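Novice: Please read through the structure below; I'll follow up with questions.
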Amino acid sequence: MKLVRVAGLFMMMLCVSSNAWCSGLTASDVQGFIASMQELKPYFDQYAEESGDDGDSASTAQVVTDWAQGLKEQRDVEAILGKHGFDFNTWSTVSQQVTQAYMAVRLGKDGQDVMGQMRQSIAEIEGNKDIPAEYKTQMITQMQTSMAEMEKVLTASPQDQDTVKPFVSELDAIFEMQE
């Protein structure tokens, strides 16, 4: 459930932020992100528990949105970000880049190959004679929509992916991702 919450936070940041992507993610950017998240994550987990997040995606999406909007209002959060060399805007931008690069590394063709798994699932659905045609069409449409969204997530620059790779195990702890 926590993975869903943390991943939801960063997916929301990827989709909602109006900041332009910066180029040239550096190792110090990634280290600052990791250090800040180690301090910020308890704030998010506490907020999620207090808000009654039950872990389903709709509930978590609302919790994440509310939490992120409230971050700017918390002085202690500003102090944490400042300690790691960020203000809210730079942290948001770096967080987006780190998250997208991390997801591209972990879920891309050299990682779990989520897109390949989704294509395989579509082929299995298409070949399954036990599924009625109307459900097949609906299932395939849903999978294709998910694939289109995932393609956007996996488009991190190769340079950003290379910068993130040495930190994957530390980022795994932040995102609580396990294979």
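Chain identifiers are assigned as A, B, and so on, following the order in which chains appear in the structure tokens; residues are numbered from 1 within each chain, and ligands are numbered from 1 in order of appearance.
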Can you pull out every residue within 9 Å of segment 101-118 of chain A, counting only C-alpha atoms, but drop anything in the same chain fewer than 5 positions away, and send it as a JSON list (two decimals) with all heavy atoms, in the first residue's frame?

Specialist:
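The file below, around24.json, is the result:
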```json
[["chain", "number", "residue", "atom", "x", "y", "z"],
["A", 96, "GLN", "N", 10.58, 15.22, -10.17],
["A", 96, "GLN", "CA", 9.98, 14.70, -11.39],
["A", 96, "GLN", "C", 11.02, 13.96, -12.23],
["A", 96, "GLN", "O", 10.76, 12.86, -12.71],
["A", 96, "GLN", "CB", 9.39, 15.85, -12.22],
["A", 96, "GLN", "CG", 8.20, 16.51, -11.61],
["A", 96, "GLN", "CD", 7.84, 17.79, -12.34],
["A", 96, "GLN", "OE1", 8.32, 18.06, -13.43],
["A", 96, "GLN", "NE2", 6.98, 18.57, -11.73],
["A", 123, "ALA", "N", -1.94, -9.91, -26.13],
["A", 123, "ALA", "CA", -1.93, -11.09, -27.00],
["A", 123, "ALA", "C", -2.67, -12.26, -26.35],
["A", 123, "ALA", "O", -3.41, -12.99, -27.02],
["A", 123, "ALA", "CB", -0.49, -11.49, -27.33],
["A", 143, "MET", "N", -6.11, -1.74, -21.61],
["A", 143, "MET", "CA", -4.67, -2.03, -21.64],
["A", 143, "MET", "C", -3.95, -1.03, -22.53],
["A", 143, "MET", "O", -2.86, -0.55, -22.19],
["A", 143, "MET", "CB", -4.40, -3.46, -22.12],
["A", 143, "MET", "CG", -4.78, -4.53, -21.14],
["A", 143, "MET", "SD", -3.73, -4.58, -19.69],
["A", 143, "MET", "CE", -2.18, -5.11, -20.40],
["A", 144, "GLN", "N", -4.53, -0.71, -23.68],
["A", 144, "GLN", "CA", -3.89, 0.24, -24.59],
["A", 144, "GLN", "C", -3.81, 1.63, -23.97],
["A", 144, "GLN", "O", -2.82, 2.34, -24.14],
["A", 144, "GLN", "CB", -4.63, 0.27, -25.93],
["A", 144, "GLN", "CG", -4.42, -1.01, -26.73],
["A", 144, "GLN", "CD", -5.32, -1.12, -27.95],
["A", 144, "GLN", "OE1", -6.40, -0.55, -27.99],
["A", 144, "GLN", "NE2", -4.86, -1.89, -28.93],
["A", 146, "SER", "N", -3.59, 2.24, -20.73],
["A", 146, "SER", "CA", -2.53, 2.12, -19.73],
["A", 146, "SER", "C", -1.16, 2.15, -20.37],
["A", 146, "SER", "O", -0.23, 2.77, -19.85],
["A", 146, "SER", "CB", -2.69, 0.83, -18.92],
["A", 146, "SER", "OG", -3.88, 0.85, -18.19],
["A", 147, "MET", "N", -1.03, 1.49, -21.51],
["A", 147, "MET", "CA", 0.25, 1.47, -22.22],
["A", 147, "MET", "C", 0.64, 2.88, -22.69],
["A", 147, "MET", "O", 1.81, 3.26, -22.59],
["A", 147, "MET", "CB", 0.19, 0.51, -23.41],
["A", 147, "MET", "CG", 0.19, -0.95, -23.00],
["A", 147, "MET", "SD", 0.00, -2.06, -24.41],
["A", 147, "MET", "CE", 1.60, -1.88, -25.20],
["A", 150, "MET", "N", 1.90, 4.70, -19.71],
["A", 150, "MET", "CA", 3.19, 4.17, -19.29],
["A", 150, "MET", "C", 4.30, 4.62, -20.24],
["A", 150, "MET", "O", 5.41, 4.91, -19.80],
["A", 150, "MET", "CB", 3.13, 2.64, -19.21],
["A", 150, "MET", "CG", 4.41, 2.01, -18.68],
["A", 150, "MET", "SD", 4.91, 2.55, -17.03],
["A", 150, "MET", "CE", 3.65, 1.85, -16.02],
["A", 151, "GLU", "N", 4.01, 4.70, -21.52],
["A", 151, "GLU", "CA", 5.01, 5.17, -22.48],
["A", 151, "GLU", "C", 5.48, 6.57, -22.13],
["A", 151, "GLU", "O", 6.66, 6.88, -22.23],
["A", 151, "GLU", "CB", 4.46, 5.15, -23.91],
["A", 151, "GLU", "CG", 4.44, 3.76, -24.51],
["A", 151, "GLU", "CD", 3.82, 3.72, -25.91],
["A", 151, "GLU", "OE1", 3.25, 4.74, -26.36],
["A", 151, "GLU", "OE2", 3.91, 2.66, -26.53],
["A", 153, "VAL", "N", 5.59, 7.88, -19.14],
["A", 153, "VAL", "CA", 6.41, 7.77, -17.93],
["A", 153, "VAL", "C", 7.82, 7.28, -18.27],
["A", 153, "VAL", "O", 8.80, 7.72, -17.68],
["A", 153, "VAL", "CB", 5.74, 6.83, -16.91],
["A", 153, "VAL", "CG1", 6.66, 6.52, -15.74],
["A", 153, "VAL", "CG2", 4.43, 7.44, -16.41],
["A", 154, "LEU", "N", 7.91, 6.38, -19.23],
["A", 154, "LEU", "CA", 9.20, 5.74, -19.54],
["A", 154, "LEU", "C", 10.07, 6.53, -20.51],
["A", 154, "LEU", "O", 11.07, 6.00, -20.98],
["A", 154, "LEU", "CB", 8.94, 4.32, -20.07],
["A", 154, "LEU", "CG", 8.22, 3.37, -19.12],
["A", 154, "LEU", "CD1", 7.99, 2.03, -19.78],
["A", 154, "LEU", "CD2", 8.97, 3.21, -17.81],
["A", 155, "THR", "N", 9.73, 7.78, -20.77],
["A", 155, "THR", "CA", 10.49, 8.55, -21.75],
["A", 155, "THR", "C", 11.61, 9.40, -21.15],
["A", 155, "THR", "O", 12.05, 10.36, -21.76],
["A", 155, "THR", "CB", 9.56, 9.48, -22.56],
["A", 155, "THR", "OG1", 8.92, 10.38, -21.66],
["A", 155, "THR", "CG2", 8.57, 8.70, -23.39],
["A", 156, "ALA", "N", 12.07, 9.07, -19.98],
["A", 156, "ALA", "CA", 13.17, 9.83, -19.37],
["A", 156, "ALA", "C", 14.39, 9.78, -20.28],
["A", 156, "ALA", "O", 14.64, 8.78, -20.96],
["A", 156, "ALA", "CB", 13.52, 9.24, -18.01],
["A", 157, "SER", "N", 15.15, 10.86, -20.26],
["A", 157, "SER", "CA", 16.33, 10.92, -21.12],
["A", 157, "SER", "C", 17.33, 9.83, -20.72],
["A", 157, "SER", "O", 17.44, 9.49, -19.54],
["A", 157, "SER", "CB", 16.99, 12.29, -21.02],
["A", 157, "SER", "OG", 17.73, 12.40, -19.81],
["A", 158, "PRO", "N", 18.06, 9.30, -21.68],
["A", 158, "PRO", "CA", 19.09, 8.30, -21.37],
["A", 158, "PRO", "C", 20.13, 8.84, -20.38],
["A", 158, "PRO", "O", 20.61, 8.09, -19.52],
["A", 158, "PRO", "CB", 19.73, 7.99, -22.72],
["A", 158, "PRO", "CG", 18.67, 8.35, -23.73],
["A", 158, "PRO", "CD", 17.92, 9.50, -23.12],
["A", 159, "GLN", "N", 20.43, 10.12, -20.46],
["A", 159, "GLN", "CA", 21.40, 10.71, -19.52],
["A", 159, "GLN", "C", 20.86, 10.68, -18.09],
["A", 159, "GLN", "O", 21.60, 10.35, -17.16],
["A", 159, "GLN", "CB", 21.73, 12.16, -19.93],
["A", 159, "GLN", "CG", 22.46, 12.27, -21.25],
["A", 159, "GLN", "CD", 21.51, 12.23, -22.46],
["A", 159, "GLN", "OE1", 20.28, 12.26, -22.37],
["A", 159, "GLN", "NE2", 22.11, 12.12, -23.65],
["A", 160, "ASP", "N", 19.58, 11.04, -17.93],
["A", 160, "ASP", "CA", 18.98, 11.00, -16.59],
["A", 160, "ASP", "C", 18.93, 9.56, -16.07],
["A", 160, "ASP", "O", 19.19, 9.31, -14.89],
["A", 160, "ASP", "CB", 17.59, 11.62, -16.59],
["A", 160, "ASP", "CG", 17.61, 13.14, -16.66],
["A", 160, "ASP", "OD1", 18.71, 13.73, -16.64],
["A", 160, "ASP", "OD2", 16.51, 13.73, -16.75],
["A", 161, "GLN", "N", 18.63, 8.62, -16.94],
["A", 161, "GLN", "CA", 18.61, 7.23, -16.52],
["A", 161, "GLN", "C", 20.00, 6.77, -16.07],
["A", 161, "GLN", "O", 20.13, 6.09, -15.05],
["A", 161, "GLN", "CB", 18.10, 6.33, -17.66],
["A", 161, "GLN", "CG", 16.63, 6.53, -17.96],
["A", 161, "GLN", "CD", 16.13, 5.62, -19.05],
["A", 161, "GLN", "OE1", 16.32, 4.42, -18.99],
["A", 161, "GLN", "NE2", 15.49, 6.20, -20.06],
["A", 162, "ASP", "N", 21.03, 7.17, -16.82],
["A", 162, "ASP", "CA", 22.40, 6.81, -16.44],
["A", 162, "ASP", "C", 22.78, 7.43, -15.10],
["A", 162, "ASP", "O", 23.46, 6.80, -14.29],
["A", 162, "ASP", "CB", 23.39, 7.24, -17.52],
["A", 162, "ASP", "CG", 23.30, 6.39, -18.78],
["A", 162, "ASP", "OD1", 22.73, 5.28, -18.73],
["A", 162, "ASP", "OD2", 23.81, 6.86, -19.83],
["A", 163, "THR", "N", 22.32, 8.65, -14.85],
["A", 163, "THR", "CA", 22.62, 9.33, -13.59],
["A", 163, "THR", "C", 21.95, 8.63, -12.42],
["A", 163, "THR", "O", 22.53, 8.51, -11.33],
["A", 163, "THR", "CB", 22.15, 10.81, -13.65],
["A", 163, "THR", "OG1", 22.83, 11.46, -14.73],
["A", 163, "THR", "CG2", 22.45, 11.54, -12.36],
["A", 164, "VAL", "N", 20.75, 8.12, -12.62],
["A", 164, "VAL", "CA", 19.97, 7.48, -11.56],
["A", 164, "VAL", "C", 20.45, 6.06, -11.26],
["A", 164, "VAL", "O", 20.37, 5.60, -10.12],
["A", 164, "VAL", "CB", 18.47, 7.51, -11.94],
["A", 164, "VAL", "CG1", 17.66, 6.54, -11.12],
["A", 164, "VAL", "CG2", 17.92, 8.92, -11.82],
["A", 165, "LYS", "N", 20.97, 5.36, -12.25],
["A", 165, "LYS", "CA", 21.31, 3.93, -12.08],
["A", 165, "LYS", "C", 22.15, 3.61, -10.84],
["A", 165, "LYS", "O", 21.86, 2.64, -10.14],
["A", 165, "LYS", "CB", 21.98, 3.39, -13.34],
["A", 165, "LYS", "CG", 20.99, 3.10, -14.45],
["A", 165, "LYS", "CD", 21.67, 2.60, -15.70],
["A", 165, "LYS", "CE", 20.65, 2.42, -16.81],
["A", 165, "LYS", "NZ", 21.26, 2.02, -18.08],
["A", 167, "PHE", "N", 22.05, 4.80, -8.06],
["A", 167, "PHE", "CA", 21.26, 5.05, -6.86],
["A", 167, "PHE", "C", 19.99, 4.20, -6.78],
["A", 167, "PHE", "O", 19.14, 4.44, -5.92],
["A", 167, "PHE", "CB", 20.86, 6.54, -6.80],
["A", 167, "PHE", "CG", 22.04, 7.47, -6.82],
["A", 167, "PHE", "CD1", 22.44, 8.07, -8.00],
["A", 167, "PHE", "CD2", 22.77, 7.72, -5.66],
["A", 167, "PHE", "CE1", 23.52, 8.93, -8.03],
["A", 167, "PHE", "CE2", 23.85, 8.57, -5.67],
["A", 167, "PHE", "CZ", 24.24, 9.18, -6.87],
["A", 168, "VAL", "N", 19.85, 3.22, -7.67],
["A", 168, "VAL", "CA", 18.61, 2.44, -7.74],
["A", 168, "VAL", "C", 18.26, 1.78, -6.42],
["A", 168, "VAL", "O", 17.11, 1.82, -5.99],
["A", 168, "VAL", "CB", 18.65, 1.43, -8.91],
["A", 168, "VAL", "CG1", 17.54, 0.40, -8.80],
["A", 168, "VAL", "CG2", 18.54, 2.15, -10.24],
["A", 171, "LEU", "N", 16.90, 4.35, -4.12],
["A", 171, "LEU", "CA", 15.58, 4.77, -4.60],
["A", 171, "LEU", "C", 14.55, 3.67, -4.39],
["A", 171, "LEU", "O", 13.39, 3.97, -4.12],
["A", 171, "LEU", "CB", 15.67, 5.20, -6.08],
["A", 171, "LEU", "CG", 16.45, 6.50, -6.29],
["A", 171, "LEU", "CD1", 16.77, 6.68, -7.77],
["A", 171, "LEU", "CD2", 15.70, 7.70, -5.73],
["A", 172, "ASP", "N", 14.98, 2.40, -4.50],
["A", 172, "ASP", "CA", 14.06, 1.30, -4.20],
["A", 172, "ASP", "C", 13.52, 1.46, -2.78],
["A", 172, "ASP", "O", 12.32, 1.25, -2.54],
["A", 172, "ASP", "CB", 14.77, -0.05, -4.31],
["A", 172, "ASP", "CG", 14.97, -0.54, -5.71],
["A", 172, "ASP", "OD1", 14.34, 0.02, -6.65],
["A", 172, "ASP", "OD2", 15.78, -1.46, -5.91],
["A", 177, "MET", "N", 9.97, -0.42, -3.83],
["A", 177, "MET", "CA", 9.73, -1.31, -4.96],
["A", 177, "MET", "C", 10.55, -2.59, -4.77],
["A", 177, "MET", "O", 11.73, -2.53, -4.48],
["A", 177, "MET", "CB", 10.13, -0.66, -6.28],
["A", 177, "MET", "CG", 9.87, -1.57, -7.48],
["A", 177, "MET", "SD", 10.17, -0.73, -9.02],
["A", 177, "MET", "CE", 8.63, 0.11, -9.21],
["A", 179, "GLU", "N", 11.07, -6.57, -6.57],
["A", 179, "GLU", "CA", 10.71, -7.45, -7.70],
["A", 179, "GLU", "C", 10.20, -8.77, -7.19],
["A", 179, "GLU", "O", 10.46, -9.22, -6.15],
["A", 179, "GLU", "CB", 11.94, -7.68, -8.59],
["A", 179, "GLU", "CG", 12.34, -6.40, -9.28],
["A", 179, "GLU", "CD", 13.45, -6.60, -10.27],
["A", 179, "GLU", "OE1", 13.32, -7.50, -11.12],
["A", 179, "GLU", "OE2", 14.42, -5.88, -10.19]]
```

Novice: To one decimal in Å, tell me the separation between atom CA of Glu149 of chain A and atom CA of Val94 of chain A.

Specialist: 20.6 Å

Novice: Check segment 79-132 of chain A with DSSP on the backbone and list each residue it calls alpha helix (DSSP H), as number ranges by chain.

Specialist: A: 79-83, 88-107, 114-127

Novice: Separation of atom CA of Met139 of chain A and atom CA of Glu126 of chain A, in Å?

Specialist: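 Rounded to one decimal, the two atoms are 9.6 Å apart.
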
Novice: Name all residues at most 8 Å from segment 78-80 of chain A (count only C-alpha atoms; drop same-chain ones fewer than 4 positions away) and give them as a ChimeraX atom specification.

Specialist: /A:36,39-40,72,74,84,87-88

Novice: Atom CA of Asp29 of chain A and atom CA of Thr93 of chain A are how many Å apart?

Specialist: 10.3 Å

Novice: Which residue is closest to Met37 of chain A? Choose from A:Ser121, A:Thr137, A:Gln142, A:Lys83 and count only C-alpha atoms.

Specialist: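 Checking each candidate against Met37 of chain A, we get A:Lys83 as the closest.
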